[in-house]
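Data block for run-v3.cif (mmCIF, C-alpha atoms and all ligand atoms):
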```cif
data_data
loop_
_atom_site.label_atom_id
_atom_site.label_comp_id
_atom_site.auth_asym_id
_atom_site.auth_seq_id
_atom_site.Cartn_x
_atom_site.Cartn_y
_atom_site.Cartn_z
CA MET A 1 121.40 64.42 -87.35
CA SER A 2 120.88 68.13 -88.13
CA GLU A 3 117.89 69.90 -89.73
CA HIS A 4 119.36 68.94 -93.11
CA LYS A 5 116.96 66.16 -93.96
CA ILE A 6 115.98 64.45 -97.17
CA PRO A 7 112.62 66.16 -97.94
CA ARG A 8 109.24 64.43 -97.70
CA THR A 9 106.43 64.34 -100.23
CA ARG A 10 103.65 66.81 -99.48
CA LEU A 11 100.57 64.73 -98.80
CA PRO A 12 97.60 65.44 -96.54
CA ARG A 13 98.37 64.06 -93.07
CA ASP A 14 95.27 61.88 -93.14
CA ALA A 15 95.90 60.39 -96.61
CA ARG A 16 94.61 56.80 -96.67
CA LEU A 17 96.36 53.62 -97.75
CA ASP A 18 95.30 53.58 -101.40
CA THR A 19 96.57 57.14 -101.76
CA LEU A 20 99.86 56.44 -99.99
CA ALA A 21 100.38 53.33 -102.17
CA VAL A 22 100.42 55.55 -105.25
CA ARG A 23 101.85 58.81 -103.89
CA GLU A 24 104.28 58.27 -100.99
CA GLY A 25 107.96 58.49 -101.88
CA LEU A 26 110.15 61.54 -102.49
CA PRO A 27 109.29 64.92 -104.04
CA ALA A 28 109.81 64.99 -107.82
CA GLY A 29 113.20 66.11 -109.13
CA PRO A 30 113.90 69.41 -110.98
CA TRP A 31 112.28 68.05 -114.15
CA GLY A 32 108.89 67.48 -112.53
CA GLU A 33 108.61 63.82 -113.49
CA ASN A 34 105.19 62.33 -112.64
CA SER A 35 106.37 58.72 -112.54
CA GLU A 36 109.14 58.05 -110.03
CA ALA A 37 112.68 58.25 -111.40
CA LEU A 38 115.07 55.35 -111.48
CA PHE A 39 118.39 56.55 -110.05
CA LEU A 40 121.01 54.21 -111.47
CA THR A 41 124.03 55.80 -109.84
CA SER A 42 126.49 54.30 -107.41
CA SER A 43 127.51 57.57 -105.75
CA PHE A 44 126.29 61.14 -105.26
CA VAL A 45 128.22 64.38 -105.74
CA HIS A 46 128.61 66.91 -102.91
CA PRO A 47 128.62 70.66 -103.55
CA ASP A 48 131.85 71.23 -101.56
CA ALA A 49 134.31 69.51 -99.25
CA ALA A 50 132.74 70.81 -96.05
CA THR A 51 129.31 69.44 -97.02
CA ALA A 52 130.89 66.11 -97.93
CA ALA A 53 132.49 66.03 -94.46
CA ALA A 54 129.15 66.83 -92.77
CA ARG A 55 127.41 64.09 -94.71
CA PHE A 56 130.06 61.49 -93.93
CA ALA A 57 129.86 62.47 -90.25
CA ASN A 58 126.08 61.85 -90.36
CA GLU A 59 125.51 65.50 -89.43
CA GLU A 60 123.56 66.05 -92.61
CA GLU A 61 121.11 63.57 -94.13
CA ALA A 62 121.81 63.16 -97.84
CA PHE A 63 122.41 60.50 -100.45
CA VAL A 64 126.04 59.42 -100.38
CA TYR A 65 126.60 55.94 -101.77
CA SER A 66 124.04 53.45 -103.07
CA ARG A 67 125.25 50.58 -100.91
CA PHE A 68 123.20 52.16 -98.13
CA SER A 69 121.19 55.05 -99.60
CA ASN A 70 119.64 55.71 -103.00
CA PRO A 71 116.60 57.87 -103.86
CA THR A 72 114.72 55.11 -105.71
CA VAL A 73 115.29 52.69 -102.81
CA THR A 74 114.21 55.41 -100.35
CA MET A 75 110.97 55.94 -102.29
CA MET A 76 110.20 52.24 -102.06
CA GLU A 77 111.06 52.19 -98.34
CA ARG A 78 108.88 55.20 -97.53
CA ARG A 79 105.96 53.85 -99.50
CA LEU A 80 106.15 50.41 -97.89
CA ALA A 81 106.53 51.93 -94.41
CA ALA A 82 103.41 54.03 -95.06
CA LEU A 83 101.45 50.90 -96.02
CA GLU A 84 102.67 48.85 -93.04
CA GLY A 85 102.15 51.78 -90.67
CA SER A 86 105.75 51.56 -89.46
CA GLU A 87 108.04 54.48 -88.66
CA ALA A 88 110.72 53.28 -91.04
CA CYS A 89 111.70 50.65 -93.57
CA ILE A 90 114.96 49.35 -95.03
CA GLY A 91 115.09 47.63 -98.41
CA THR A 92 117.26 44.53 -98.87
CA ALA A 93 118.51 42.44 -101.78
CA SER A 94 116.04 39.63 -101.04
CA GLY A 95 113.64 38.37 -98.40
CA MET A 96 116.37 36.10 -97.08
CA ALA A 97 118.80 39.04 -96.85
CA ALA A 98 116.18 40.78 -94.68
CA ILE A 99 116.04 37.79 -92.31
CA ALA A 100 119.85 37.55 -92.26
CA MET A 101 119.97 41.23 -91.23
CA ILE A 102 117.53 40.54 -88.39
CA ALA A 103 119.66 37.67 -87.14
CA LEU A 104 122.98 39.51 -87.50
CA GLY A 105 121.64 42.78 -86.16
CA LEU A 106 119.67 41.55 -83.16
CA LEU A 107 121.22 38.26 -82.00
CA LYS A 108 124.49 37.33 -80.35
CA SER A 109 126.00 34.16 -78.95
CA GLY A 110 123.85 32.80 -76.11
CA ASP A 111 120.60 34.24 -77.45
CA HIS A 112 117.51 32.17 -78.09
CA VAL A 113 114.80 32.40 -80.76
CA VAL A 114 111.30 30.91 -80.80
CA CYS A 115 110.12 30.29 -84.36
CA SER A 116 107.03 28.75 -85.90
CA ARG A 117 107.88 25.37 -87.38
CA SER A 118 105.71 26.16 -90.43
CA VAL A 119 107.74 29.14 -91.72
CA PHE A 120 109.45 29.33 -95.13
CA GLY A 121 112.00 26.49 -95.49
CA SER A 122 115.05 28.72 -96.00
CA THR A 123 114.11 30.68 -92.86
CA ILE A 124 114.31 27.45 -90.83
CA ARG A 125 117.70 26.66 -92.39
CA LEU A 126 119.02 30.16 -91.69
CA PHE A 127 118.10 30.00 -88.00
CA ASN A 128 119.54 26.48 -87.74
CA ASP A 129 122.77 27.73 -89.36
CA PHE A 130 123.08 30.33 -86.61
CA ALA A 131 123.82 27.48 -84.18
CA LYS A 132 127.47 27.89 -85.23
CA PHE A 133 127.34 31.42 -83.78
CA GLY A 134 125.88 30.12 -80.51
CA VAL A 135 122.26 31.09 -81.23
CA GLN A 136 119.65 28.49 -80.24
CA VAL A 137 116.24 28.10 -81.85
CA SER A 138 113.10 26.34 -80.63
CA PHE A 139 110.54 25.49 -83.30
CA VAL A 140 106.92 25.43 -82.14
CA SER A 141 103.43 24.90 -83.50
CA GLN A 142 102.19 27.77 -85.69
CA THR A 143 98.75 27.77 -84.10
CA ASP A 144 99.26 26.71 -80.46
CA VAL A 145 100.00 29.84 -78.38
CA ALA A 146 100.74 27.70 -75.29
CA GLN A 147 103.68 26.04 -77.10
CA TRP A 148 105.20 29.47 -77.79
CA ARG A 149 104.84 30.41 -74.12
CA ASP A 150 106.38 27.13 -72.95
CA ALA A 151 109.37 27.67 -75.24
CA LEU A 152 110.26 31.08 -73.78
CA ARG A 153 113.54 31.32 -71.84
CA PRO A 154 115.25 34.19 -70.01
CA ASP A 155 117.60 34.57 -73.00
CA THR A 156 114.81 34.60 -75.63
CA LYS A 157 115.34 37.67 -77.79
CA LEU A 158 113.13 37.04 -80.79
CA LEU A 159 109.84 35.41 -81.72
CA PHE A 160 109.52 34.76 -85.46
CA ALA A 161 106.19 33.99 -87.15
CA GLU A 162 104.74 33.96 -90.65
CA SER A 163 100.99 34.08 -91.31
CA PRO A 164 99.37 32.49 -93.20
CA THR A 165 101.92 29.78 -93.94
CA ASN A 166 102.86 27.90 -97.05
CA PRO A 167 101.22 25.65 -98.19
CA LEU A 168 98.48 24.94 -95.61
CA THR A 169 97.61 28.59 -94.82
CA GLU A 170 97.89 28.10 -91.04
CA VAL A 171 97.22 31.36 -89.19
CA CYS A 172 98.90 32.46 -85.96
CA ASP A 173 97.50 34.97 -83.48
CA ILE A 174 99.80 37.97 -84.04
CA ALA A 175 98.41 40.12 -81.20
CA ALA A 176 98.78 37.25 -78.70
CA LEU A 177 102.36 36.54 -79.80
CA ALA A 178 103.25 40.26 -79.62
CA ALA A 179 101.95 40.52 -76.05
CA MET A 180 103.87 37.37 -75.11
CA ALA A 181 107.10 38.62 -76.72
CA HIS A 182 106.92 41.96 -74.93
CA GLY A 183 106.15 40.27 -71.61
CA ALA A 184 109.37 38.29 -72.07
CA GLY A 185 111.47 41.29 -73.15
CA ALA A 186 111.72 39.95 -76.71
CA LEU A 187 110.74 41.29 -80.14
CA LEU A 188 108.13 39.79 -82.47
CA VAL A 189 109.03 39.53 -86.16
CA VAL A 190 106.26 38.71 -88.65
CA ASP A 191 106.97 37.59 -92.21
CA ASN A 192 104.06 39.33 -93.98
CA CYS A 193 104.73 37.86 -97.41
CA PHE A 194 101.44 36.02 -97.91
CA CYS A 195 99.06 38.85 -96.97
CA SER A 196 101.09 41.97 -97.69
CA PRO A 197 100.06 45.22 -95.96
CA ALA A 198 97.03 45.39 -98.25
CA LEU A 199 95.38 42.73 -96.05
CA GLN A 200 97.36 42.53 -92.81
CA GLN A 201 99.39 45.09 -90.87
CA PRO A 202 101.27 43.23 -88.11
CA ILE A 203 102.71 46.46 -86.61
CA GLN A 204 99.14 47.57 -85.79
CA LEU A 205 98.70 44.22 -84.01
CA GLY A 206 101.82 44.79 -81.91
CA ALA A 207 104.61 43.23 -83.98
CA ASP A 208 107.98 44.99 -83.77
CA ILE A 209 109.37 44.10 -87.19
CA VAL A 210 107.60 43.17 -90.42
CA MET A 211 109.77 41.25 -92.83
CA HIS A 212 109.02 41.10 -96.56
CA SER A 213 110.08 39.20 -99.58
CA GLY A 214 109.40 41.90 -102.18
CA THR A 215 109.79 39.10 -104.71
CA LYS A 216 106.22 38.01 -104.05
CA TYR A 217 103.10 40.22 -103.95
CA LEU A 218 104.91 43.57 -103.58
CA ASP A 219 106.43 43.24 -107.05
CA GLY A 220 103.39 41.19 -108.00
CA GLN A 221 104.45 40.17 -111.47
CA GLY A 222 107.30 37.77 -110.75
CA ARG A 223 110.06 40.02 -112.10
CA VAL A 224 112.62 40.77 -109.40
CA ILE A 225 114.13 39.52 -106.14
CA ALA A 226 113.79 42.04 -103.31
CA GLY A 227 113.19 42.27 -99.58
CA ALA A 228 112.55 44.74 -96.75
CA LEU A 229 112.21 45.22 -93.02
CA CYS A 230 109.58 47.61 -91.61
CA CYS A 231 110.17 48.70 -88.01
CA SER A 232 111.06 51.68 -85.81
CA GLN A 233 113.43 54.41 -86.96
CA ALA A 234 115.69 53.51 -84.03
CA LEU A 235 116.08 49.90 -85.19
CA VAL A 236 116.84 51.02 -88.74
CA ASP A 237 119.36 53.68 -87.62
CA GLU A 238 121.06 51.74 -84.84
CA LYS A 239 120.92 48.12 -86.01
CA PHE A 240 120.18 47.73 -89.70
CA THR A 241 121.76 50.67 -91.57
CA PRO A 242 125.18 50.03 -89.94
CA LEU A 243 124.92 46.39 -91.15
CA MET A 244 123.93 47.57 -94.61
CA ARG A 245 127.10 49.68 -94.69
CA THR A 246 129.39 46.86 -93.66
CA MET A 247 127.74 43.81 -95.17
CA GLY A 248 126.06 45.18 -98.28
CA PHE A 249 122.67 43.45 -98.27
CA THR A 250 121.80 46.22 -100.72
CA LEU A 251 118.60 46.36 -102.76
CA SER A 252 119.40 47.41 -106.32
CA PRO A 253 117.69 50.66 -107.40
CA PHE A 254 116.23 48.90 -110.42
CA ASN A 255 114.61 46.18 -108.32
CA ALA A 256 113.42 48.81 -105.83
CA TRP A 257 111.81 50.73 -108.69
CA VAL A 258 109.96 47.63 -109.90
CA VAL A 259 108.64 47.00 -106.38
CA LEU A 260 107.80 50.72 -105.93
CA LYS A 261 105.61 50.61 -109.03
CA GLY A 262 104.19 47.23 -107.95
CA LEU A 263 102.98 48.76 -104.68
CA GLU A 264 100.69 51.07 -106.67
CA THR A 265 98.49 48.14 -107.71
CA LEU A 266 99.06 45.96 -104.62
CA SER A 267 95.69 46.50 -102.99
CA ILE A 268 93.55 45.77 -106.06
CA ARG A 269 95.71 42.80 -107.02
CA MET A 270 95.48 41.29 -103.53
CA ARG A 271 91.72 41.70 -103.44
CA GLU A 272 91.13 40.35 -106.95
CA GLN A 273 93.53 37.44 -106.58
CA SER A 274 92.12 36.58 -103.15
CA ALA A 275 88.56 36.61 -104.50
CA ARG A 276 89.57 34.22 -107.29
CA ALA A 277 91.40 31.99 -104.79
CA LEU A 278 88.31 31.79 -102.56
CA GLU A 279 86.02 31.02 -105.49
CA LEU A 280 88.39 28.26 -106.67
CA ALA A 281 88.64 26.92 -103.10
CA ARG A 282 84.83 26.70 -102.87
CA TRP A 283 84.68 24.97 -106.24
CA LEU A 284 87.44 22.52 -105.25
CA GLU A 285 85.60 21.70 -102.00
CA ARG A 286 82.68 20.45 -104.11
CA HIS A 287 84.84 18.39 -106.50
CA PRO A 288 84.57 14.60 -105.93
CA ALA A 289 88.30 14.03 -106.59
CA VAL A 290 89.29 16.48 -103.82
CA GLN A 291 89.59 15.31 -100.24
CA ARG A 292 90.33 18.56 -98.47
CA VAL A 293 90.84 22.27 -99.25
CA TYR A 294 92.80 24.88 -97.25
CA HIS A 295 91.97 28.57 -97.57
CA PRO A 296 91.54 30.98 -94.63
CA ALA A 297 88.26 32.44 -95.96
CA LEU A 298 86.55 29.01 -96.02
CA PRO A 299 84.42 28.42 -92.91
CA SER A 300 86.04 24.93 -92.78
CA HIS A 301 89.47 26.50 -92.11
CA PRO A 302 90.57 25.77 -88.50
CA GLN A 303 91.50 29.42 -87.78
CA HIS A 304 88.81 30.97 -89.98
CA ALA A 305 87.52 33.51 -87.43
CA LEU A 306 91.02 34.64 -86.39
CA ALA A 307 92.12 34.91 -90.03
CA MET A 308 89.14 37.04 -90.99
CA ARG A 309 89.77 39.35 -88.03
CA GLN A 310 93.50 39.63 -88.65
CA GLN A 311 93.43 39.88 -92.46
CA GLY A 312 90.68 42.43 -92.96
CA GLY A 313 88.13 39.78 -93.92
CA VAL A 314 90.20 38.52 -96.88
CA GLY A 315 91.76 35.06 -97.10
CA GLY A 316 94.70 35.75 -99.41
CA ALA A 317 95.52 34.36 -102.85
CA VAL A 318 97.05 31.00 -101.85
CA ALA A 319 94.90 27.88 -101.57
CA SER A 320 95.94 24.27 -101.19
CA PHE A 321 94.04 21.06 -101.73
CA VAL A 322 94.51 17.33 -101.30
CA VAL A 323 93.55 14.98 -104.12
CA ARG A 324 92.02 11.63 -103.26
CA GLY A 325 94.10 8.47 -103.60
CA SER A 326 94.74 5.74 -101.08
CA GLY A 327 98.38 5.36 -100.10
CA ALA A 328 101.23 7.82 -100.58
CA GLU A 329 102.24 6.47 -103.99
CA ARG A 330 98.73 6.70 -105.49
CA ALA A 331 98.18 10.15 -103.97
CA ARG A 332 101.47 11.42 -105.44
CA ALA A 333 100.66 10.00 -108.90
CA ASN A 334 97.23 11.64 -108.76
CA ALA A 335 98.68 14.99 -107.69
CA PHE A 336 101.29 14.84 -110.49
CA ALA A 337 98.50 13.99 -113.00
CA VAL A 338 96.46 17.06 -111.98
CA ILE A 339 99.54 19.32 -112.19
CA ASP A 340 100.64 17.90 -115.55
CA ALA A 341 97.14 18.28 -117.04
CA ALA A 342 97.23 22.05 -116.44
CA ARG A 343 97.89 24.13 -119.56
CA ILE A 344 97.52 27.58 -118.04
CA CYS A 345 98.93 27.31 -114.50
CA SER A 346 102.74 27.54 -114.33
CA ILE A 347 104.49 24.64 -112.61
CA THR A 348 106.70 26.66 -110.28
CA ALA A 349 107.05 27.05 -106.53
CA ASN A 350 107.12 30.86 -106.75
CA LEU A 351 104.04 32.83 -105.75
CA GLY A 352 102.66 36.34 -105.70
CA ASP A 353 102.54 36.60 -109.48
CA THR A 354 99.63 37.62 -111.73
CA LYS A 355 100.23 34.22 -113.37
CA THR A 356 98.69 31.37 -111.37
CA THR A 357 101.29 28.87 -110.16
CA ILE A 358 100.76 25.24 -109.22
CA THR A 359 103.17 23.14 -107.19
CA HIS A 360 103.57 19.84 -105.35
CA PRO A 361 105.06 20.91 -101.98
CA SER A 362 106.16 17.39 -100.92
CA SER A 363 108.59 17.12 -103.84
CA THR A 364 109.59 20.79 -104.22
CA SER A 365 109.42 23.46 -101.47
CA HIS A 366 109.23 20.80 -98.73
CA GLY A 367 111.23 18.11 -100.57
CA ARG A 368 114.18 18.29 -98.15
CA LEU A 369 112.04 17.30 -95.16
CA THR A 370 111.69 13.65 -94.21
CA GLU A 371 108.30 12.04 -94.85
CA ALA A 372 107.75 11.99 -91.06
CA GLN A 373 108.45 15.74 -90.79
CA ARG A 374 106.07 16.37 -93.68
CA ILE A 375 103.30 14.29 -92.13
CA ASP A 376 103.89 16.16 -88.87
CA ALA A 377 103.44 19.42 -90.79
CA GLY A 378 100.27 18.06 -92.42
CA ILE A 379 101.70 18.03 -95.94
CA THR A 380 100.87 14.80 -97.75
CA GLN A 381 101.84 13.39 -101.15
CA GLY A 382 98.38 14.36 -102.41
CA THR A 383 98.75 18.05 -101.47
CA ILE A 384 98.81 20.64 -104.28
CA ARG A 385 99.36 24.36 -103.75
CA LEU A 386 97.86 27.05 -105.93
CA ALA A 387 98.98 30.68 -105.83
CA VAL A 388 96.13 32.24 -107.74
CA GLY A 389 96.80 35.02 -110.23
CA LEU A 390 94.59 37.18 -112.42
CA GLU A 391 93.56 34.83 -115.23
CA ASP A 392 89.88 34.28 -116.01
CA LEU A 393 88.36 32.19 -113.22
CA ASP A 394 86.48 29.85 -115.57
CA ASP A 395 89.69 29.19 -117.49
CA LEU A 396 91.41 28.27 -114.22
CA LYS A 397 88.57 25.90 -113.26
CA THR A 398 88.79 24.24 -116.68
CA ASP A 399 92.56 23.95 -116.25
CA LEU A 400 92.19 22.10 -112.93
CA ALA A 401 89.11 20.12 -113.96
CA ARG A 402 91.06 18.54 -116.84
CA GLY A 403 93.15 16.54 -114.37
CA LEU A 404 90.62 16.25 -111.52
CA ASP A 405 87.73 14.96 -113.66
CA ALA A 406 89.96 12.14 -114.90
CA LEU A 407 90.48 11.02 -111.26
CA ALA A 408 86.88 11.28 -110.07
C1 LIG A 501 109.94 33.73 -100.79
C2 LIG A 501 109.78 33.86 -99.36
C3 LIG A 501 110.85 34.28 -98.55
C4 LIG A 501 112.24 34.57 -99.10
O1 LIG A 501 112.24 35.64 -99.96
P1 LIG A 501 113.29 35.82 -101.18
O2 LIG A 501 112.94 37.14 -101.74
O3 LIG A 501 113.05 34.66 -102.12
O4 LIG A 501 114.64 35.76 -100.58
C5 LIG A 501 110.64 34.42 -97.20
N1 LIG A 501 109.42 34.15 -96.67
C6 LIG A 501 108.38 33.74 -97.40
C7 LIG A 501 107.07 33.47 -96.76
C8 LIG A 501 108.52 33.57 -98.78
O5 LIG A 501 107.49 33.14 -99.50
#
```
I need this file expressed as structure tokens, please.
Ligand SMILES: *Cc1c(COP(=O)(O)O)cnc(C)c1O
Amino acid sequence: MSEHKIPRTRLPRDARLDTLAVREGLPAGPWGENSEALFLTSSFVHPDAATAAARFANEEEAFVYSRFSNPTVTMMERRLAALEGSEACIGTASGMAAIAMIALGLLKSGDHVVCSRSVFGSTIRLFNDFAKFGVQVSFVSQTDVAQWRDALRPDTKLLFAESPTNPLTEVCDIAALAAMAHGAGALLVVDNCFCSPALQQPIQLGADIVMHSGTKYLDGQGRVIAGALCCSQALVDEKFTPLMRTMGFTLSPFNAWVVLKGLETLSIRMREQSARALELARWLERHPAVQRVYHPALPSHPQHALAMRQQGGVGGAVASFVVRGSGAERARANAFAVIDAARICSITANLGDTKTTITHPSSTSHGRLTEAQRIDAGITQGTIRLAVGLEDLDDLKTDLARGLDALA
């Protein structure tokens, strides 16, 4: 690459996160727009044939074709990299596309992966599907570091974790897993969906790659599907951009723009939504119809101290609870009654929205597991997950109390 580089925004070197969230990107265009432009163009025009040749030979950095480079996508990537504290970032069409790029870019036949058994369901399926390419996966306890160590093999290339998890908000020790991965010559990937860089920066804790579903808190208003990987410039240049060129996991400029603008309010949304989630969790803990509540900021949470250390003292906006009811059938009927009594909360398994969502994991996100696998994961028929949004807290309590009071 020559000195011909895509220019950087002029920001003070020591600009802090809240500033970067609003300002990092690309310099404004010739019109001086204050809000970032949406570049809906598939290709870019070169001034002459020689420049085109230099750009195609990678001798000059410039925008060429939106399958692998587009100014709006670049703005989103630079802003997210600034927030995660990573050298580089590459946007993808979805969170799952980001994980597929990790697997295709970093694994080959004979390689082995150690993965938390509590990660997103489609992540588990994706790694299992890679068996047909000769990649083996061991699934281990989210919270038991010794199980991760015991699963390591000479051919282990990747450790994959997500923290906190859905729906029980189990927290893994990112720094411990990073040290273990590096000791074994492997890379640690952390799915940072639930905290976002506003609360947790896995790269600072030693992780090599942060994976995002931009669909969740980065967009923040449930509008688009998007994803990203934050990592070193070398990984982006040598592993992921070549795959983007050949496989087209491309993030659309429009979706990138929505996420770019979402990042501007990420920090205040995460803090506000997390505060509401904690207040609801405390209130649920006192409700007679509730048997148990899961939220990392509750002192009753099994990894409370670790979570507070790792997540900047904030628990996140997801809380789960178990309604009382003896026997699986009764518990399920009670959970359904609480969900159906809600008039504000949306019945959907999505999360990261300003609208609070309520879901029954056993019959939705975790419906494909067997009952034994679910019990092993600690998810019962009485478990309800809330992804708390920005509605009035008292209205949310009233919404849940309608169903819960009828059970108590
Ligand atoms: C939603 C989600 C994904 C997948 O992201 P998509 O954008 O839906 O492809 C991955 N991990 C976690 C934790 C998620 O919640």
Inset, instruction - List all protein, DNA and RNA residues that have any atom at most 10 Å from ligand LIG 501 (chain A), counting all atoms listed in the file, and write the list as a PyMOL selection string. - result: chain A and resi 92-100+118-123+161-167+190-195+211-217+224-228+349-352
Legend entry - Selection: 8 Å around A:Ala341, all atoms listed in the file, excl. self and same-chain fewer than 6 positions, as an NGL selection string: :A and (399-400 or 402-403)
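Distance-wise, atom CA of A:Phe44 and atom CA of A:Gly85 end up 29.7 Å apart.
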Inset, instruction - Measure the distance from atom CA of A:His112 to atom CA of A:Ile124 in Å and round it to one decimal. - result: 14.0 Å
Legend entry - Separation of atom CA of A:Pro202 from atom CA of A:Ile174, in Å and rounded to one decimal: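 Atom-to-atom, atom CA of A:Pro202 and atom CA of A:Ile174 are spaced 6.8 Å apart.
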Inset, instruction - Step by step: start from the point (105.0, 32.6, -79.2) in the file's coordinates, keep every protein, DNA or RNA residue that has an atom no farther than 10 Å from it, count all atoms listed in the file, and write the set as number ranges by chain. - result: A: 113-116, 139-152, 158-161, 172-174, 176-181, 188
Legend entry - For A:Phe254, the nearest of the candidates A:Glu36, A:Asp14, A:Glu272, A:Asp237, counting only C-alpha atoms: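 The closest residue to A:Phe254 is A:Glu36.
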Inset, instruction - Write out as a ChimeraX atom specification each polymer residue whose atoms come within 10 Å of stretch 376-386 of chain A, counting only C-alpha atoms; drop sequence neighbours fewer than 6 positions from it. - result: /A:117-118,141-142,166-168,277,280-281,290-294,317-336,338-339,345-349,351,356-363,366,369-370
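Across A:Tyr65, A:Gln201, A:Lys261, A:Asp111, the tightest approach to A:Arg23 is made by A:Lys261 when counting only C-alpha atoms.
For the residues A:Arg78, A:Cys89, A:Glu285, A:Pro7, ranking by smallest atom-to-atom distance to A:Ser300 using all atoms listed in the file places A:Glu285 first.
Comparing A:Leu26, A:Cys231, A:Ala275, A:Ala21 by their smallest distance to A:Leu263, the closest is A:Ala21 (using all atoms listed in the file).
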With 6 Å added on each side, what axis-aligned box encloses every listed atom of stretch 33-37 of chain A? Give the centre and edge lengths in Å to one decimal, as JSON.
```
{"center_x": 108.9, "center_y": 60.9, "center_z": -111.8, "size_x": 19.5, "size_y": 17.8, "size_z": 15.5}
```
Legend entry - Which residue of A:Leu396, A:Leu284, A:Leu80, A:Ala184 approaches A:Val22 most closely, using only C-alpha atoms: A:Leu80
Inset, instruction - Would you kindly return, as an MDAnalysis selection string, each protein, DNA or RNA residue with an atom no farther than 8 Å from any atom of A:Leu106, considering all atoms listed in the file and excluding same-chain residues fewer than 4 positions away? - result: chainID A and resid 102 157 239
Restricting it to C-alpha atoms, dump the selection as a PDB file, in the frame of the given file.
```pdb
ATOM      1  CA  ILE A 102     117.530  40.540 -88.390  1.00  0.00           C
ATOM      2  CA  LYS A 157     115.340  37.670 -77.790  1.00  0.00           C
ATOM      3  CA  LYS A 239     120.920  48.120 -86.010  1.00  0.00           C
TER       4      LYS A 239
END
```
